[in-house]
Structures are given as C-alpha cells and as structure tokens.
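Peer 1: Next comes coords-v3.txt, compact mmCIF, N, CA and C atoms:
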# COMPACT_ATOMS: atom_id res chain seq x y z
N GLN A 2 0.82 -1.18 0.00
CA GLN A 2 0.00 0.00 0.00
C GLN A 2 0.87 1.25 0.00
N VAL A 3 0.50 2.22 0.86
CA VAL A 3 1.19 3.51 0.86
C VAL A 3 1.08 4.13 2.23
N GLN A 4 2.05 4.94 2.59
CA GLN A 4 1.96 5.74 3.81
C GLN A 4 1.77 7.21 3.39
N LEU A 5 0.95 7.91 4.18
CA LEU A 5 0.62 9.30 3.88
C LEU A 5 1.02 10.18 5.06
N VAL A 6 1.63 11.32 4.76
CA VAL A 6 2.03 12.26 5.81
C VAL A 6 1.51 13.65 5.43
N GLU A 7 0.63 14.17 6.29
CA GLU A 7 0.09 15.52 6.07
C GLU A 7 0.94 16.57 6.77
N SER A 8 0.89 17.77 6.24
CA SER A 8 1.55 18.90 6.87
C SER A 8 0.85 20.18 6.41
N GLY A 9 1.21 21.28 7.06
CA GLY A 9 0.67 22.57 6.65
C GLY A 9 -0.42 23.13 7.53
N GLY A 10 -0.86 22.34 8.50
CA GLY A 10 -1.88 22.85 9.40
C GLY A 10 -1.31 23.93 10.32
N GLY A 11 -2.21 24.56 11.05
CA GLY A 11 -1.79 25.61 11.97
C GLY A 11 -2.96 26.44 12.42
N SER A 12 -2.65 27.58 13.00
CA SER A 12 -3.66 28.50 13.50
C SER A 12 -3.69 29.73 12.61
N VAL A 13 -4.90 30.16 12.28
CA VAL A 13 -5.07 31.31 11.40
C VAL A 13 -6.34 32.04 11.82
N GLN A 14 -6.40 33.32 11.52
CA GLN A 14 -7.61 34.09 11.81
C GLN A 14 -8.62 33.91 10.69
N ALA A 15 -9.86 34.14 11.03
CA ALA A 15 -10.93 34.04 10.04
C ALA A 15 -10.62 34.93 8.83
N GLY A 16 -10.89 34.38 7.67
CA GLY A 16 -10.58 35.07 6.43
C GLY A 16 -9.23 34.72 5.86
N GLY A 17 -8.42 34.04 6.64
CA GLY A 17 -7.07 33.69 6.21
C GLY A 17 -7.03 32.44 5.35
N SER A 18 -5.82 32.04 5.01
CA SER A 18 -5.60 30.91 4.12
C SER A 18 -4.54 29.98 4.69
N LEU A 19 -4.64 28.73 4.30
CA LEU A 19 -3.63 27.72 4.59
C LEU A 19 -3.56 26.78 3.41
N ARG A 20 -2.40 26.17 3.22
CA ARG A 20 -2.26 25.11 2.22
C ARG A 20 -1.74 23.86 2.91
N LEU A 21 -2.54 22.82 2.81
CA LEU A 21 -2.16 21.53 3.35
C LEU A 21 -1.48 20.70 2.27
N SER A 22 -0.53 19.88 2.70
CA SER A 22 0.15 18.96 1.80
C SER A 22 0.02 17.55 2.34
N CYS A 23 -0.03 16.61 1.44
CA CYS A 23 -0.06 15.19 1.81
C CYS A 23 0.95 14.49 0.89
N VAL A 24 2.01 14.01 1.50
CA VAL A 24 3.06 13.34 0.73
C VAL A 24 2.92 11.84 0.91
N ALA A 25 2.93 11.13 -0.19
CA ALA A 25 2.81 9.68 -0.18
C ALA A 25 4.18 9.02 -0.30
N SER A 26 4.26 7.80 0.23
CA SER A 26 5.54 7.08 0.23
C SER A 26 5.87 6.46 -1.11
N ARG A 27 4.89 6.47 -2.02
CA ARG A 27 5.14 5.95 -3.36
C ARG A 27 4.24 6.66 -4.34
N SER A 28 4.29 6.26 -5.58
CA SER A 28 3.52 6.93 -6.62
C SER A 28 2.02 6.94 -6.31
N ILE A 29 1.41 8.10 -6.54
CA ILE A 29 -0.04 8.24 -6.38
C ILE A 29 -0.74 8.27 -7.73
N PHE A 30 -0.03 7.95 -8.79
CA PHE A 30 -0.55 8.13 -10.15
C PHE A 30 -1.90 7.44 -10.34
N SER A 31 -2.05 6.25 -9.79
CA SER A 31 -3.27 5.48 -10.02
C SER A 31 -4.27 5.58 -8.87
N LEU A 32 -3.99 6.42 -7.90
CA LEU A 32 -4.79 6.48 -6.69
C LEU A 32 -5.79 7.64 -6.70
N ASP A 33 -6.94 7.39 -6.09
CA ASP A 33 -7.87 8.46 -5.79
C ASP A 33 -7.43 9.10 -4.48
N MET A 34 -7.22 10.41 -4.49
CA MET A 34 -6.72 11.10 -3.31
C MET A 34 -7.76 12.08 -2.80
N GLY A 35 -7.98 12.05 -1.49
CA GLY A 35 -9.00 12.92 -0.94
C GLY A 35 -8.59 13.54 0.38
N TRP A 36 -9.37 14.54 0.77
CA TRP A 36 -9.21 15.19 2.06
C TRP A 36 -10.52 15.08 2.84
N TYR A 37 -10.39 14.79 4.11
CA TYR A 37 -11.51 14.71 5.03
C TYR A 37 -11.14 15.52 6.27
N ARG A 38 -12.15 15.81 7.09
CA ARG A 38 -11.86 16.53 8.33
C ARG A 38 -12.77 16.04 9.45
N GLN A 39 -12.28 16.23 10.66
CA GLN A 39 -13.05 15.84 11.84
C GLN A 39 -12.92 16.93 12.89
N ALA A 40 -14.05 17.56 13.17
CA ALA A 40 -14.11 18.58 14.21
C ALA A 40 -14.36 17.92 15.55
N PRO A 41 -14.01 18.59 16.64
CA PRO A 41 -14.22 18.00 17.98
C PRO A 41 -15.68 17.61 18.19
N GLY A 42 -15.90 16.38 18.63
CA GLY A 42 -17.24 15.92 18.92
C GLY A 42 -18.07 15.57 17.70
N LYS A 43 -17.47 15.60 16.52
CA LYS A 43 -18.21 15.30 15.29
C LYS A 43 -17.58 14.14 14.55
N GLN A 44 -18.34 13.59 13.62
CA GLN A 44 -17.82 12.51 12.79
C GLN A 44 -16.92 13.08 11.70
N ARG A 45 -16.05 12.23 11.22
CA ARG A 45 -15.19 12.62 10.11
C ARG A 45 -16.06 12.85 8.88
N GLU A 46 -15.77 13.91 8.14
CA GLU A 46 -16.60 14.25 6.99
C GLU A 46 -15.74 14.52 5.75
N PHE A 47 -16.37 14.31 4.62
CA PHE A 47 -15.73 14.51 3.33
C PHE A 47 -15.50 16.00 3.07
N VAL A 48 -14.33 16.32 2.49
CA VAL A 48 -14.04 17.70 2.10
C VAL A 48 -13.89 17.80 0.59
N ALA A 49 -12.97 17.02 0.03
CA ALA A 49 -12.70 17.10 -1.40
C ALA A 49 -12.01 15.82 -1.84
N ILE A 50 -12.14 15.53 -3.14
CA ILE A 50 -11.47 14.38 -3.71
C ILE A 50 -10.99 14.70 -5.10
N PHE A 51 -9.86 14.11 -5.47
CA PHE A 51 -9.33 14.23 -6.81
C PHE A 51 -9.09 12.81 -7.30
N PRO A 52 -10.07 12.24 -7.98
CA PRO A 52 -9.92 10.85 -8.44
C PRO A 52 -8.95 10.77 -9.62
N GLN A 53 -8.47 9.56 -9.85
CA GLN A 53 -7.54 9.33 -10.94
C GLN A 53 -7.98 8.14 -11.77
N PRO A 54 -8.43 8.33 -13.03
CA PRO A 54 -8.58 9.64 -13.66
C PRO A 54 -9.83 10.35 -13.17
N GLY A 55 -9.93 11.61 -13.47
CA GLY A 55 -11.14 12.32 -13.10
C GLY A 55 -10.86 13.76 -12.76
N ARG A 56 -11.90 14.40 -12.28
CA ARG A 56 -11.82 15.80 -11.94
C ARG A 56 -12.17 15.98 -10.47
N PRO A 57 -11.67 17.03 -9.87
CA PRO A 57 -11.96 17.25 -8.45
C PRO A 57 -13.44 17.54 -8.20
N TYR A 58 -13.89 17.12 -7.03
CA TYR A 58 -15.18 17.61 -6.56
C TYR A 58 -15.15 17.81 -5.06
N TYR A 59 -16.09 18.63 -4.60
CA TYR A 59 -16.02 19.19 -3.26
C TYR A 59 -17.33 19.07 -2.52
N ASP A 60 -17.21 19.05 -1.22
CA ASP A 60 -18.40 19.20 -0.40
C ASP A 60 -18.91 20.63 -0.57
N ASP A 61 -20.21 20.78 -0.50
CA ASP A 61 -20.80 22.11 -0.69
C ASP A 61 -20.27 23.12 0.31
N ALA A 62 -19.90 22.67 1.49
CA ALA A 62 -19.45 23.59 2.54
C ALA A 62 -18.14 24.29 2.20
N VAL A 63 -17.36 23.70 1.29
CA VAL A 63 -16.05 24.26 0.96
C VAL A 63 -15.95 24.70 -0.49
N LYS A 64 -16.95 24.38 -1.28
CA LYS A 64 -16.91 24.70 -2.70
C LYS A 64 -16.72 26.19 -2.90
N GLY A 65 -15.78 26.55 -3.76
CA GLY A 65 -15.49 27.96 -4.02
C GLY A 65 -14.45 28.55 -3.10
N ARG A 66 -14.14 27.85 -2.01
CA ARG A 66 -13.12 28.35 -1.07
C ARG A 66 -11.88 27.46 -1.04
N PHE A 67 -12.08 26.16 -1.19
CA PHE A 67 -10.99 25.19 -1.13
C PHE A 67 -10.70 24.66 -2.54
N THR A 68 -9.43 24.35 -2.77
CA THR A 68 -9.02 23.76 -4.04
C THR A 68 -8.10 22.59 -3.77
N ILE A 69 -8.47 21.42 -4.29
CA ILE A 69 -7.61 20.25 -4.20
C ILE A 69 -6.82 20.14 -5.50
N SER A 70 -5.57 19.80 -5.35
CA SER A 70 -4.72 19.60 -6.53
C SER A 70 -3.75 18.47 -6.23
N ARG A 71 -3.15 17.95 -7.29
CA ARG A 71 -2.21 16.86 -7.11
C ARG A 71 -1.03 17.05 -8.04
N ASP A 72 0.14 16.66 -7.55
CA ASP A 72 1.35 16.65 -8.36
C ASP A 72 1.88 15.22 -8.31
N ASN A 73 1.53 14.46 -9.32
CA ASN A 73 1.91 13.05 -9.33
C ASN A 73 3.43 12.88 -9.36
N SER A 74 4.14 13.83 -9.93
CA SER A 74 5.59 13.73 -9.99
C SER A 74 6.24 13.85 -8.62
N LYS A 75 5.52 14.47 -7.68
CA LYS A 75 6.02 14.64 -6.31
C LYS A 75 5.28 13.76 -5.31
N ASN A 76 4.40 12.91 -5.82
CA ASN A 76 3.61 12.01 -4.95
C ASN A 76 2.87 12.82 -3.88
N THR A 77 2.35 13.97 -4.26
CA THR A 77 1.78 14.90 -3.30
C THR A 77 0.42 15.40 -3.75
N VAL A 78 -0.48 15.52 -2.79
CA VAL A 78 -1.78 16.16 -3.03
C VAL A 78 -1.88 17.34 -2.06
N TYR A 79 -2.51 18.40 -2.54
CA TYR A 79 -2.60 19.64 -1.78
C TYR A 79 -4.06 20.00 -1.53
N LEU A 80 -4.26 20.80 -0.50
CA LEU A 80 -5.56 21.40 -0.26
C LEU A 80 -5.32 22.87 0.06
N GLN A 81 -5.63 23.73 -0.89
CA GLN A 81 -5.55 25.17 -0.68
C GLN A 81 -6.86 25.62 -0.06
N MET A 82 -6.77 26.25 1.09
CA MET A 82 -7.96 26.66 1.82
C MET A 82 -7.95 28.17 1.97
N ASN A 83 -8.94 28.81 1.39
CA ASN A 83 -9.07 30.26 1.46
C ASN A 83 -10.35 30.64 2.19
N SER A 84 -10.41 31.90 2.60
CA SER A 84 -11.60 32.42 3.29
C SER A 84 -12.02 31.51 4.44
N LEU A 85 -11.06 31.14 5.24
CA LEU A 85 -11.33 30.21 6.34
C LEU A 85 -12.23 30.85 7.39
N SER A 86 -13.06 30.01 7.97
CA SER A 86 -13.94 30.44 9.06
C SER A 86 -13.75 29.50 10.24
N PRO A 87 -14.20 29.92 11.43
CA PRO A 87 -14.08 29.03 12.60
C PRO A 87 -14.74 27.67 12.37
N ASP A 88 -15.74 27.60 11.53
CA ASP A 88 -16.39 26.31 11.24
C ASP A 88 -15.46 25.34 10.52
N ASP A 89 -14.36 25.84 9.98
CA ASP A 89 -13.39 24.97 9.31
C ASP A 89 -12.39 24.35 10.28
N THR A 90 -12.47 24.73 11.54
CA THR A 90 -11.56 24.16 12.54
C THR A 90 -11.78 22.66 12.67
N ALA A 91 -10.71 21.90 12.50
CA ALA A 91 -10.81 20.44 12.52
C ALA A 91 -9.41 19.85 12.34
N VAL A 92 -9.34 18.56 12.53
CA VAL A 92 -8.16 17.81 12.08
C VAL A 92 -8.44 17.37 10.66
N TYR A 93 -7.52 17.66 9.78
CA TYR A 93 -7.67 17.34 8.36
C TYR A 93 -6.83 16.11 8.02
N TYR A 94 -7.50 15.17 7.35
CA TYR A 94 -6.87 13.90 7.01
C TYR A 94 -6.81 13.72 5.51
N CYS A 95 -5.72 13.16 5.07
CA CYS A 95 -5.56 12.76 3.69
C CYS A 95 -5.93 11.28 3.57
N LYS A 96 -6.55 10.92 2.46
CA LYS A 96 -6.96 9.53 2.23
C LYS A 96 -6.60 9.11 0.82
N ALA A 97 -6.15 7.87 0.70
CA ALA A 97 -5.84 7.29 -0.60
C ALA A 97 -6.68 6.03 -0.80
N ASP A 98 -7.16 5.86 -2.02
CA ASP A 98 -7.95 4.68 -2.37
C ASP A 98 -7.46 4.11 -3.70
N SER A 99 -7.58 2.80 -3.79
CA SER A 99 -7.26 2.11 -5.03
C SER A 99 -8.28 1.01 -5.24
N VAL A 100 -8.62 0.75 -6.47
CA VAL A 100 -9.58 -0.32 -6.77
C VAL A 100 -9.05 -1.68 -6.35
N SER A 101 -7.73 -1.79 -6.16
CA SER A 101 -7.14 -3.06 -5.78
C SER A 101 -6.97 -3.23 -4.28
N TRP A 102 -7.39 -2.22 -3.50
CA TRP A 102 -7.26 -2.30 -2.05
C TRP A 102 -8.60 -2.65 -1.41
N ALA A 103 -8.53 -3.39 -0.32
CA ALA A 103 -9.74 -3.71 0.44
C ALA A 103 -10.16 -2.53 1.31
N THR A 104 -9.20 -1.75 1.77
CA THR A 104 -9.51 -0.63 2.64
C THR A 104 -8.75 0.62 2.18
N SER A 105 -9.22 1.76 2.63
CA SER A 105 -8.55 3.02 2.35
C SER A 105 -7.33 3.16 3.25
N VAL A 106 -6.42 4.04 2.83
CA VAL A 106 -5.26 4.38 3.65
C VAL A 106 -5.39 5.84 4.08
N TRP A 107 -5.18 6.07 5.37
CA TRP A 107 -5.32 7.41 5.93
C TRP A 107 -3.98 7.92 6.45
N GLY A 108 -3.81 9.23 6.40
CA GLY A 108 -2.69 9.85 7.07
C GLY A 108 -3.01 10.07 8.54
N GLN A 109 -2.06 10.67 9.25
CA GLN A 109 -2.22 10.85 10.70
C GLN A 109 -3.01 12.10 11.05
N GLY A 110 -3.18 13.00 10.09
CA GLY A 110 -3.96 14.21 10.30
C GLY A 110 -3.10 15.41 10.65
N THR A 111 -3.64 16.57 10.33
CA THR A 111 -2.99 17.83 10.69
C THR A 111 -4.06 18.80 11.19
N GLN A 112 -3.77 19.46 12.29
CA GLN A 112 -4.75 20.32 12.94
C GLN A 112 -4.84 21.69 12.26
N VAL A 113 -6.06 22.11 12.00
CA VAL A 113 -6.33 23.46 11.49
C VAL A 113 -7.25 24.15 12.49
N THR A 114 -6.81 25.29 12.98
CA THR A 114 -7.60 26.06 13.94
C THR A 114 -7.81 27.47 13.39
N VAL A 115 -9.08 27.85 13.28
CA VAL A 115 -9.42 29.17 12.76
C VAL A 115 -10.11 29.96 13.87
N SER A 116 -9.54 31.09 14.21
CA SER A 116 -10.09 31.93 15.27
C SER A 116 -10.86 33.10 14.67
N SER A 117 -11.87 33.53 15.42
CA SER A 117 -12.71 34.63 14.92
C SER A 117 -12.15 35.98 15.33
Let me see whether you can do it: turn the structure in this file into structure tokens.
Peer 2:
Amino acid sequence: QVQLVESGGGSVQAGGSLRLSCVASRSIFSLDMGWYRQAPGKQREFVAIFPQPGRPYYDDAVKGRFTISRDNSKNTVYLQMNSLSPDDTAVYYCKADSVSWATSVWGQGTQVTVSS
C-alpha cells in the first residue's frame, strides 16, 4: 500500500488561508486522493477528492473556497484553503484509495484552527 504524511496545518484568523500537503511514500498516479476533516465531537466528513482519472469535486461547505490539486511527480496532493472560518476548525486527514485495495489508507492528520 502507501503511507501518507500531512503537513501545513496551523492556526489562522478568520478570512485567512492555509495550504495543506499530503506526501505519499510511493507513486499516487493510479490512486484516488481525498481530504476529510473531523471537528471535535463530530464525525469525520468529506471535504474534497481528486480521483484518478477524473476531476476534483467538493463538499458544498467548501466549494469555491478550497481547491484540491495533485502533483503526481512529487507524490503529493494539496488542499488550498481560502476564506477560512471558525467552522473549518478540525483535524484534516488525507486519504488514498485504489480499486485493488480492500480498505482506504489514511494519514495521521494535521490540525487546522481558525479563530474569529
């Protein structure tokens, strides 16, 4: 399979931006790569996905503010987050899927905190 390591989280004021990165231990060329988040006391929820092949799509809550991208040459997927609000505060997780895997692979998560 693959190991995933997220980075780029931190604390930012409302209206600010952050870019998250997820680096994979091997090629992501054939993998569907996604971002999820989990706020305190809530279930983990879908944020965005960039399937391979395919085009990105987003949860309505982040559409127009977040952009997922991938650089297969660097085995990396990104999440550019703009116009952040306190509701975006959560641990953000990277996920990889393959049609040949029985289960998804998750990263360890990176904390994003947005203050008002």
Peer 1: Counting all atoms listed in the file, write as a ChimeraX atom specification all protein and nucleic acid residues lying at most 8 Å from (-3.4, 16.3, -4.3) in the file's frame.
Peer 2: /A:22-23,34-35,50-51,68-73,76-80
Peer 1: I want to know what sits within 6 Å of stretch 98-103 of chain A, based on all atoms listed in the file, with residues of the same chain fewer than 4 positions away left out; could you give that as a PyMOL selection string?
Peer 2: chain A and resi 31-34
Peer 1: Okay, now the selection with N, CA and C atoms, as a PDB file, keeping the file's coordinate frame?
Peer 2:
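File produced: result.pdb:
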ATOM      1  N   SER A  31      -2.050   6.250  -9.790  1.00  0.00           N
ATOM      2  CA  SER A  31      -3.270   5.480 -10.020  1.00  0.00           C
ATOM      3  C   SER A  31      -4.270   5.580  -8.870  1.00  0.00           C
ATOM      4  N   LEU A  32      -3.990   6.420  -7.900  1.00  0.00           N
ATOM      5  CA  LEU A  32      -4.790   6.480  -6.690  1.00  0.00           C
ATOM      6  C   LEU A  32      -5.790   7.640  -6.700  1.00  0.00           C
ATOM      7  N   ASP A  33      -6.940   7.390  -6.090  1.00  0.00           N
ATOM      8  CA  ASP A  33      -7.870   8.460  -5.790  1.00  0.00           C
ATOM      9  C   ASP A  33      -7.430   9.100  -4.480  1.00  0.00           C
ATOM     10  N   MET A  34      -7.220  10.410  -4.490  1.00  0.00           N
ATOM     11  CA  MET A  34      -6.720  11.100  -3.310  1.00  0.00           C
ATOM     12  C   MET A  34      -7.760  12.080  -2.800  1.00  0.00           C
TER      13      MET A  34
END
Peer 1: Have a look at atom N of A:Met82 and atom CA of A:Gln109 and let me know their distance in Å, one decimal.
Peer 2: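 Separation between atom N of A:Met82 and atom CA of A:Gln109: 18.7 Å.
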Peer 1: Looking only at strand (DSSP E) from DSSP on the backbone, list the matching residues of chain A as a PyMOL selection string.
Peer 2: chain A and resi 5-8+11-14+19-25+33-39+46-51+58-59+67-72+77-82+91-98+106-107+111-116
Peer 1: Please measure the separation of atom CA of A:Gln81 and atom C of A:Gly108, giving the value in Å to one decimal.
Peer 2: 17.9 Å
Peer 1: As JSON, please report the centre and edge lengths, rounded to one decimal in Å, of the axis-aligned box that holds all listed atoms of stretch 62-78 of chain A with 5 Å of padding on each of the six sides.
Peer 2:
{"center_x": -6.8, "center_y": 20.3, "center_z": -3.7, "size_x": 36.1, "size_y": 26.5, "size_z": 22.5}
Peer 1: What would the list of residues within 8 Å of (-9.5, 27.1, 7.4) (file frame) look like as a PyMOL selection string, if all atoms listed in the file are what count?
Peer 2: chain A and resi 13-19+82-91+113-116
Peer 1: Between A:Gly65, A:Pro57, A:Gly42, A:Gly10, which residue has the minimum interatomic distance to A:Tyr93, considering only N, CA and C atoms?
Peer 2: A:Gly10
Peer 1: Write out as a count of residues only which residues come within 6 Å of A:Ser26 when counting all atoms listed in the file, dropping same-chain ones fewer than 5 positions away.
Peer 2: 3
Peer 1: For a quick check of understanding, using all atoms listed in the file, which of A:Val24, A:Gln39, A:Gly55, A:Gln112 has the smallest distance to A:Ser12?
Peer 2: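 Comparing A:Val24, A:Gln39, A:Gly55, A:Gln112 against A:Ser12, the winner is A:Gln112.
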Peer 1: In Å to one decimal, how far is atom N of A:Gln2 from atom CA of A:Phe30?
Peer 2: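 Between atom CA of A:Phe30 and atom N of A:Gln2 the gap works out to 13.8 Å.
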